[in-house]
Amino acid sequence: MPLLAASGVVGAGALGGAVAYAALALAALRLLLSYKSALYALRRLWRCADEWAQAYQYHEVPRFACDGAENPLFRKAAAYVAALPSLEDADAASVLSSASRTNGGLSLHLGPGHTARDSFLGARLAWTNAADGGRLVLRVRRHDRTRVLRPYLQHVESVADDMEQRRRELRLFANTGVDGATGAPRWASAPFTHPATLDAVAMDPDLKARVRADLENFLKGRAYYHRLGRVWRRSYLLYGPPGTGKSTFAAAMARFLGYDVYDIDLSRAGSDDLRALLLHTTPRSLILVEDLDRYLQAAGADGEARAARVLSFMDGVASCCGEERVMVFTMRGGKDAVDAAVVRPGRLDVHIHFTLCDFEAFKTLASNYLGLKDHKLYPQVEEGFHHAGARLSPAELGEIMLANRGSPSRALRNVITKLQRVSAGSAAGAPPPRRNTSWSGTGPHWEDQSARASADSTEADETPAGGGVFGKDAPPMREFKKLYGLIKVKSRREGSGVVPLEADAHGPPTPGNHDRER
């Protein structure tokens, strides 16, 4: 009996030890898994201790002024706080549906009685939404208030204005003539929904980065321009062959800046004064004038007077009547097509040359249109671009890819065929092929070629072309095949004395029938 009792005690002690070890292991595991929570608690304790040791000043921003009118600063401060990254770490936030497509159409707002933190010029600040929801409270350290308070509130207003500008609907304005009674320009407007972006534009990446940086510096340069005594305005010249994407790039610039677009047709403006057009435009707008060289070259006897009006329009006193404007001029030819005074610095600050596509630009287009990053046919496409300096416009390449977007391989084969035609035309001294901006010419035959497994030279010869040298060889080739078919049928009749059943079934011998026989 004593032996049994002793063994029972030992068993109970071993079981208790195992339970204790299991409890310790579970506690250690839980602590290991929740170390982030522990670190968060430690940071919060440190923050509370630091805030308790500091002296603060509080500034209330009420929703309504004393006279009952809405306080614009409250609306701007609420929009600014809603965009703070620290709002995601706040203790409480309200989730609202937003009309914006960013963040999945959802937006965060500071919950009543809770705080979001911010920093500015090395100072730590905090915004608190009062429990009644009718005011925001800004907390600033007392020794930082004279250094950062006013600059910070100006920063809040500037950022809120910029966000509001980018969220609003952009509009496109076009001058439709002159009001006969008042002499003022008449404008027609519509929502500006062009989807072009700088990221999707096919151009040299380094050049695109420089343009983007220049636009960003312009947006932030109000104080800099005022310190220099210059009007806050920037002008660009986009020049190059048709179909190279100048208008699309101008639209991408407007969308990047968040500006309305004024598309000005100089030929529709009043003959007396082009400056009236500028006086009826608004700040924060992009003014687009296309085909400037054609307008100046078509002046005729009135050339000098028209050129003088254009120069005054570009940088005269009237152009200084509104700030934060970007002026974009396009030309189809080179800069030497107009007088040097037109393109001098000060009138046109940045000159961007748009050329026909090379292989790098083609890869950007293929990524946008076809979703391709690489393809087994890329080496042949690259060889086509490098051979004999073959080039195509973005408009041509875009149409080929758009028509064959269901089959990337078919689209690339059509591009290779087009490059071969351009190279052959250059080698033969023929004029460069025309742009394919519609379904005329080679357009209708793209779908016919889509059913073929490969595009060899015979198929290229059989396909009628709208502008290449292969289009001239097509009728002789068809006559040759027809003659070959007649000879072949005659030889069969002489050899067997009977007419083949295939010939009876298919009708008179034609090149298509004999293609099937082969």
# chains A, B, ... in the order shown; residues from 1 in each chain; ligands from 1
$ residues_around --residues "segment 58-69 of chain A" --least-positions-apart "3" --cutoff "7 Å" --atoms "only C-alpha atoms" --output "list in words"
Phe74, Gly134, Arg135, Leu136, Val137, Leu138, Arg139 and Val140 of chain A
$ closest_atom_pairs --of "segment 281-377 of chain A" --to "segment 248-261 of chain A" --cutoff "7 Å" --atoms "only C-alpha atoms" --output "JSON lines"
{"residue": "A:Arg284", "atom": "CA", "partner": "A:Tyr259", "partner_atom": "CA", "distance": 5.5}
{"residue": "A:Ser285", "atom": "CA", "partner": "A:Tyr259", "partner_atom": "CA", "distance": 4.6}
{"residue": "A:Leu286", "atom": "CA", "partner": "A:Val261", "partner_atom": "CA", "distance": 4.8}
{"residue": "A:Ile287", "atom": "CA", "partner": "A:Val261", "partner_atom": "CA", "distance": 5.9}
{"residue": "A:Leu288", "atom": "CA", "partner": "A:Val261", "partner_atom": "CA", "distance": 7.0}
$ residues_around --residues "Gln54 of chain A" --least-positions-apart "2" --cutoff "12 Å" --atoms "only C-alpha atoms" --output "MDAnalysis selection string"
chainID A and resid 47:52 56:57 124 139:144
$ select_by_dssp --residues "segment 267-430 of chain A" --states "alpha helix (DSSP H)" --output "ChimeraX atom specification"
/A:275-279,292-297,303-315,359-370,378-386,394-403,408-427
$ select_by_dssp --residues "segment 89-183 of chain A" --states "strand (DSSP E)" --output "count of residues only"
38
$ closest_residue --among "A:Val338, A:Ala83, A:Ala123, A:Ala130" --to "Thr146 of chain A" --atoms "only C-alpha atoms"
A:Ala123
$ closest_residue --among "A:Glu360, A:Val211, A:Leu370, A:Arg309" --to "Val342 of chain A" --atoms "only C-alpha atoms"
A:Arg309
$ residues_around --residues "Lys76 of chain A" --least-positions-apart "2" --cutoff "8 Å" --atoms "only C-alpha atoms" --output "PyMOL selection string"
chain A and resi 72-74+78-80+156-157+160-161
$ write_last_selection --atoms "N, CA, C and O atoms" --output "PDB file, in the first residue's frame"
ATOM      1  N   PRO A  72     -14.546  78.437 -44.695  1.00  0.00           N
ATOM      2  CA  PRO A  72     -13.825  77.681 -45.745  1.00  0.00           C
ATOM      3  C   PRO A  72     -12.638  76.898 -45.205  1.00  0.00           C
ATOM      4  O   PRO A  72     -12.308  75.843 -45.738  1.00  0.00           O
ATOM      5  N   LEU A  73     -12.001  77.407 -44.155  1.00  0.00           N
ATOM      6  CA  LEU A  73     -10.832  76.715 -43.613  1.00  0.00           C
ATOM      7  C   LEU A  73     -11.228  75.363 -43.024  1.00  0.00           C
ATOM      8  O   LEU A  73     -10.446  74.409 -43.093  1.00  0.00           O
ATOM      9  N   PHE A  74     -12.430  75.264 -42.442  1.00  0.00           N
ATOM     10  CA  PHE A  74     -12.861  73.976 -41.885  1.00  0.00           C
ATOM     11  C   PHE A  74     -12.981  72.933 -42.989  1.00  0.00           C
ATOM     12  O   PHE A  74     -12.545  71.785 -42.822  1.00  0.00           O
ATOM     13  N   ALA A  78     -10.633  69.673 -43.110  1.00  0.00           N
ATOM     14  CA  ALA A  78     -11.221  68.333 -43.063  1.00  0.00           C
ATOM     15  C   ALA A  78     -10.752  67.491 -44.244  1.00  0.00           C
ATOM     16  O   ALA A  78     -10.454  66.292 -44.090  1.00  0.00           O
ATOM     17  N   ALA A  79     -10.667  68.104 -45.437  1.00  0.00           N
ATOM     18  CA  ALA A  79     -10.169  67.367 -46.601  1.00  0.00           C
ATOM     19  C   ALA A  79      -8.704  66.999 -46.425  1.00  0.00           C
ATOM     20  O   ALA A  79      -8.268  65.901 -46.803  1.00  0.00           O
ATOM     21  N   TYR A  80      -7.913  67.906 -45.830  1.00  0.00           N
ATOM     22  CA  TYR A  80      -6.491  67.629 -45.610  1.00  0.00           C
ATOM     23  C   TYR A  80      -6.310  66.489 -44.611  1.00  0.00           C
ATOM     24  O   TYR A  80      -5.518  65.567 -44.831  1.00  0.00           O
ATOM     25  N   VAL A 156      -1.774  73.637 -45.454  1.00  0.00           N
ATOM     26  CA  VAL A 156      -3.043  72.893 -45.445  1.00  0.00           C
ATOM     27  C   VAL A 156      -3.968  73.421 -46.534  1.00  0.00           C
ATOM     28  O   VAL A 156      -4.585  72.646 -47.289  1.00  0.00           O
ATOM     29  N   GLU A 157      -4.094  74.747 -46.646  1.00  0.00           N
ATOM     30  CA  GLU A 157      -4.960  75.322 -47.676  1.00  0.00           C
ATOM     31  C   GLU A 157      -4.464  74.985 -49.076  1.00  0.00           C
ATOM     32  O   GLU A 157      -5.258  74.664 -49.969  1.00  0.00           O
ATOM     33  N   ALA A 160      -5.146  71.272 -49.852  1.00  0.00           N
ATOM     34  CA  ALA A 160      -6.579  71.047 -50.037  1.00  0.00           C
ATOM     35  C   ALA A 160      -7.063  71.614 -51.368  1.00  0.00           C
ATOM     36  O   ALA A 160      -7.877  70.986 -52.059  1.00  0.00           O
ATOM     37  N   ASP A 161      -6.562  72.794 -51.735  1.00  0.00           N
ATOM     38  CA  ASP A 161      -6.939  73.366 -53.039  1.00  0.00           C
ATOM     39  C   ASP A 161      -6.475  72.470 -54.179  1.00  0.00           C
ATOM     40  O   ASP A 161      -7.194  72.282 -55.175  1.00  0.00           O
TER      41      ASP A 161
END
$ residues_around --residues "Leu402 of chain A" --least-positions-apart "3" --cutoff "9 Å" --atoms "only C-alpha atoms" --output "ChimeraX atom specification"
/A:369-370,397-399,405-406,411
$ write_last_selection --atoms "N, CA and C atoms" --output "PDB file, in the first residue's frame"
ATOM      1  N   TYR A 369      -1.345  48.367 -75.764  1.00  0.00           N
ATOM      2  CA  TYR A 369      -2.408  47.835 -76.619  1.00  0.00           C
ATOM      3  C   TYR A 369      -2.630  46.340 -76.433  1.00  0.00           C
ATOM      4  N   LEU A 370      -1.532  45.587 -76.291  1.00  0.00           N
ATOM      5  CA  LEU A 370      -1.625  44.129 -76.295  1.00  0.00           C
ATOM      6  C   LEU A 370      -1.276  43.490 -74.959  1.00  0.00           C
ATOM      7  N   LEU A 397       1.055  52.156 -85.898  1.00  0.00           N
ATOM      8  CA  LEU A 397       1.217  50.988 -85.038  1.00  0.00           C
ATOM      9  C   LEU A 397      -0.011  50.773 -84.167  1.00  0.00           C
ATOM     10  N   GLY A 398      -0.586  51.863 -83.662  1.00  0.00           N
ATOM     11  CA  GLY A 398      -1.764  51.734 -82.818  1.00  0.00           C
ATOM     12  C   GLY A 398      -2.939  51.120 -83.555  1.00  0.00           C
ATOM     13  N   GLU A 399      -3.128  51.483 -84.809  1.00  0.00           N
ATOM     14  CA  GLU A 399      -4.239  50.922 -85.572  1.00  0.00           C
ATOM     15  C   GLU A 399      -4.028  49.439 -85.861  1.00  0.00           C
ATOM     16  N   ARG A 405      -6.084  43.087 -81.776  1.00  0.00           N
ATOM     17  CA  ARG A 405      -5.860  42.976 -80.332  1.00  0.00           C
ATOM     18  C   ARG A 405      -6.228  41.601 -79.790  1.00  0.00           C
ATOM     19  N   GLY A 406      -7.035  40.837 -80.526  1.00  0.00           N
ATOM     20  CA  GLY A 406      -7.378  39.505 -80.070  1.00  0.00           C
ATOM     21  C   GLY A 406      -6.256  38.496 -80.238  1.00  0.00           C
ATOM     22  N   ALA A 411      -0.839  40.479 -84.623  1.00  0.00           N
ATOM     23  CA  ALA A 411      -0.511  41.900 -84.658  1.00  0.00           C
ATOM     24  C   ALA A 411       0.974  42.111 -84.930  1.00  0.00           C
TER      25      ALA A 411
END
$ closest_residue --among "A:Gly133, A:Val289, A:Leu125, A:Met327" --to "Gly113 of chain A" --atoms "only C-alpha atoms"
A:Gly133
$ decode --residues "segment 126-140 of chain A" --atoms "all heavy atoms" --output "PDB file, in the first residue's frame"
ATOM      1  N   ALA A 126      -1.114  67.753 -34.209  1.00  0.00           N
ATOM      2  CA  ALA A 126      -2.193  66.772 -34.114  1.00  0.00           C
ATOM      3  C   ALA A 126      -3.518  67.472 -34.365  1.00  0.00           C
ATOM      4  O   ALA A 126      -3.742  68.609 -33.931  1.00  0.00           O
ATOM      5  CB  ALA A 126      -2.194  66.091 -32.749  1.00  0.00           C
ATOM      6  N   TRP A 127      -4.400  66.775 -35.095  1.00  0.00           N
ATOM      7  CA  TRP A 127      -5.757  67.240 -35.363  1.00  0.00           C
ATOM      8  C   TRP A 127      -6.715  66.352 -34.583  1.00  0.00           C
ATOM      9  O   TRP A 127      -6.628  65.124 -34.630  1.00  0.00           O
ATOM     10  CB  TRP A 127      -6.096  67.155 -36.842  1.00  0.00           C
ATOM     11  CG  TRP A 127      -5.410  68.177 -37.705  1.00  0.00           C
ATOM     12  CD1 TRP A 127      -4.261  68.003 -38.416  1.00  0.00           C
ATOM     13  CD2 TRP A 127      -5.856  69.500 -37.959  1.00  0.00           C
ATOM     14  NE1 TRP A 127      -3.951  69.158 -39.099  1.00  0.00           N
ATOM     15  CE2 TRP A 127      -4.922  70.098 -38.842  1.00  0.00           C
ATOM     16  CE3 TRP A 127      -6.950  70.257 -37.528  1.00  0.00           C
ATOM     17  CZ2 TRP A 127      -5.049  71.397 -39.292  1.00  0.00           C
ATOM     18  CZ3 TRP A 127      -7.070  71.557 -37.983  1.00  0.00           C
ATOM     19  CH2 TRP A 127      -6.130  72.118 -38.857  1.00  0.00           C
ATOM     20  N   THR A 128      -7.663  66.985 -33.874  1.00  0.00           N
ATOM     21  CA  THR A 128      -8.676  66.250 -33.119  1.00  0.00           C
ATOM     22  C   THR A 128     -10.050  66.693 -33.582  1.00  0.00           C
ATOM     23  O   THR A 128     -10.313  67.907 -33.703  1.00  0.00           O
ATOM     24  CB  THR A 128      -8.534  66.499 -31.613  1.00  0.00           C
ATOM     25  OG1 THR A 128      -7.222  66.100 -31.191  1.00  0.00           O
ATOM     26  CG2 THR A 128      -9.578  65.696 -30.835  1.00  0.00           C
ATOM     27  N   ASN A 129     -10.894  65.714 -33.864  1.00  0.00           N
ATOM     28  CA  ASN A 129     -12.283  66.007 -34.226  1.00  0.00           C
ATOM     29  C   ASN A 129     -13.096  66.094 -32.941  1.00  0.00           C
ATOM     30  O   ASN A 129     -13.195  65.123 -32.191  1.00  0.00           O
ATOM     31  CB  ASN A 129     -12.830  64.915 -35.143  1.00  0.00           C
ATOM     32  CG  ASN A 129     -14.197  65.257 -35.702  1.00  0.00           C
ATOM     33  OD1 ASN A 129     -14.708  66.356 -35.499  1.00  0.00           O
ATOM     34  ND2 ASN A 129     -14.792  64.312 -36.403  1.00  0.00           N
ATOM     35  N   ALA A 130     -13.648  67.265 -32.675  1.00  0.00           N
ATOM     36  CA  ALA A 130     -14.404  67.460 -31.433  1.00  0.00           C
ATOM     37  C   ALA A 130     -15.589  66.505 -31.394  1.00  0.00           C
ATOM     38  O   ALA A 130     -16.109  66.062 -32.417  1.00  0.00           O
ATOM     39  CB  ALA A 130     -14.873  68.909 -31.324  1.00  0.00           C
ATOM     40  N   ALA A 131     -16.014  66.221 -30.151  1.00  0.00           N
ATOM     41  CA  ALA A 131     -17.085  65.235 -29.981  1.00  0.00           C
ATOM     42  C   ALA A 131     -18.387  65.679 -30.633  1.00  0.00           C
ATOM     43  O   ALA A 131     -19.171  64.857 -31.099  1.00  0.00           O
ATOM     44  CB  ALA A 131     -17.305  64.970 -28.491  1.00  0.00           C
ATOM     45  N   ASP A 132     -18.630  67.000 -30.674  1.00  0.00           N
ATOM     46  CA  ASP A 132     -19.864  67.476 -31.290  1.00  0.00           C
ATOM     47  C   ASP A 132     -19.796  67.493 -32.812  1.00  0.00           C
ATOM     48  O   ASP A 132     -20.805  67.717 -33.486  1.00  0.00           O
ATOM     49  CB  ASP A 132     -20.212  68.877 -30.777  1.00  0.00           C
ATOM     50  CG  ASP A 132     -19.081  69.872 -31.026  1.00  0.00           C
ATOM     51  OD1 ASP A 132     -18.076  69.489 -31.668  1.00  0.00           O
ATOM     52  OD2 ASP A 132     -19.201  71.020 -30.573  1.00  0.00           O
ATOM     53  N   GLY A 133     -18.585  67.259 -33.402  1.00  0.00           N
ATOM     54  CA  GLY A 133     -18.426  67.220 -34.843  1.00  0.00           C
ATOM     55  C   GLY A 133     -18.485  68.568 -35.517  1.00  0.00           C
ATOM     56  O   GLY A 133     -18.451  68.642 -36.754  1.00  0.00           O
ATOM     57  N   GLY A 134     -18.565  69.658 -34.759  1.00  0.00           N
ATOM     58  CA  GLY A 134     -18.691  70.979 -35.348  1.00  0.00           C
ATOM     59  C   GLY A 134     -17.402  71.764 -35.408  1.00  0.00           C
ATOM     60  O   GLY A 134     -17.411  72.925 -35.838  1.00  0.00           O
ATOM     61  N   ARG A 135     -16.295  71.176 -35.008  1.00  0.00           N
ATOM     62  CA  ARG A 135     -15.028  71.899 -35.045  1.00  0.00           C
ATOM     63  C   ARG A 135     -13.868  70.914 -35.050  1.00  0.00           C
ATOM     64  O   ARG A 135     -13.986  69.781 -34.561  1.00  0.00           O
ATOM     65  CB  ARG A 135     -14.905  72.851 -33.857  1.00  0.00           C
ATOM     66  CG  ARG A 135     -15.118  72.201 -32.521  1.00  0.00           C
ATOM     67  CD  ARG A 135     -15.470  73.199 -31.427  1.00  0.00           C
ATOM     68  NE  ARG A 135     -15.967  72.513 -30.242  1.00  0.00           N
ATOM     69  CZ  ARG A 135     -15.189  72.087 -29.242  1.00  0.00           C
ATOM     70  NH1 ARG A 135     -13.875  72.252 -29.312  1.00  0.00           N
ATOM     71  NH2 ARG A 135     -15.710  71.474 -28.198  1.00  0.00           N
ATOM     72  N   LEU A 136     -12.768  71.358 -35.620  1.00  0.00           N
ATOM     73  CA  LEU A 136     -11.497  70.644 -35.575  1.00  0.00           C
ATOM     74  C   LEU A 136     -10.543  71.429 -34.682  1.00  0.00           C
ATOM     75  O   LEU A 136     -10.533  72.665 -34.700  1.00  0.00           O
ATOM     76  CB  LEU A 136     -10.903  70.503 -36.973  1.00  0.00           C
ATOM     77  CG  LEU A 136     -11.637  69.575 -37.943  1.00  0.00           C
ATOM     78  CD1 LEU A 136     -11.040  69.698 -39.345  1.00  0.00           C
ATOM     79  CD2 LEU A 136     -11.557  68.126 -37.472  1.00  0.00           C
ATOM     80  N   VAL A 137      -9.753  70.703 -33.922  1.00  0.00           N
ATOM     81  CA  VAL A 137      -8.824  71.334 -32.983  1.00  0.00           C
ATOM     82  C   VAL A 137      -7.405  70.963 -33.391  1.00  0.00           C
ATOM     83  O   VAL A 137      -7.072  69.773 -33.499  1.00  0.00           O
ATOM     84  CB  VAL A 137      -9.103  70.886 -31.533  1.00  0.00           C
ATOM     85  CG1 VAL A 137      -8.123  71.567 -30.578  1.00  0.00           C
ATOM     86  CG2 VAL A 137     -10.535  71.203 -31.140  1.00  0.00           C
ATOM     87  N   LEU A 138      -6.598  71.974 -33.630  1.00  0.00           N
ATOM     88  CA  LEU A 138      -5.188  71.788 -33.990  1.00  0.00           C
ATOM     89  C   LEU A 138      -4.324  72.003 -32.751  1.00  0.00           C
ATOM     90  O   LEU A 138      -4.426  73.045 -32.086  1.00  0.00           O
ATOM     91  CB  LEU A 138      -4.790  72.771 -35.085  1.00  0.00           C
ATOM     92  CG  LEU A 138      -3.302  72.804 -35.467  1.00  0.00           C
ATOM     93  CD1 LEU A 138      -2.862  71.467 -36.042  1.00  0.00           C
ATOM     94  CD2 LEU A 138      -3.028  73.934 -36.449  1.00  0.00           C
ATOM     95  N   ARG A 139      -3.491  71.031 -32.460  1.00  0.00           N
ATOM     96  CA  ARG A 139      -2.601  71.113 -31.303  1.00  0.00           C
ATOM     97  C   ARG A 139      -1.164  71.288 -31.773  1.00  0.00           C
ATOM     98  O   ARG A 139      -0.668  70.511 -32.588  1.00  0.00           O
ATOM     99  CB  ARG A 139      -2.727  69.850 -30.455  1.00  0.00           C
ATOM    100  CG  ARG A 139      -1.976  69.907 -29.132  1.00  0.00           C
ATOM    101  CD  ARG A 139      -2.055  68.585 -28.423  1.00  0.00           C
ATOM    102  NE  ARG A 139      -1.300  67.569 -29.139  1.00  0.00           N
ATOM    103  CZ  ARG A 139      -1.316  66.275 -28.821  1.00  0.00           C
ATOM    104  NH1 ARG A 139      -2.070  65.850 -27.821  1.00  0.00           N
ATOM    105  NH2 ARG A 139      -0.606  65.406 -29.509  1.00  0.00           N
ATOM    106  N   VAL A 140      -0.514  72.322 -31.226  1.00  0.00           N
ATOM    107  CA  VAL A 140       0.869  72.651 -31.592  1.00  0.00           C
ATOM    108  C   VAL A 140       1.660  72.855 -30.311  1.00  0.00           C
ATOM    109  O   VAL A 140       1.147  73.433 -29.336  1.00  0.00           O
ATOM    110  CB  VAL A 140       0.938  73.935 -32.450  1.00  0.00           C
ATOM    111  CG1 VAL A 140       2.348  74.139 -32.993  1.00  0.00           C
ATOM    112  CG2 VAL A 140      -0.061  73.885 -33.585  1.00  0.00           C
TER     113      VAL A 140
END
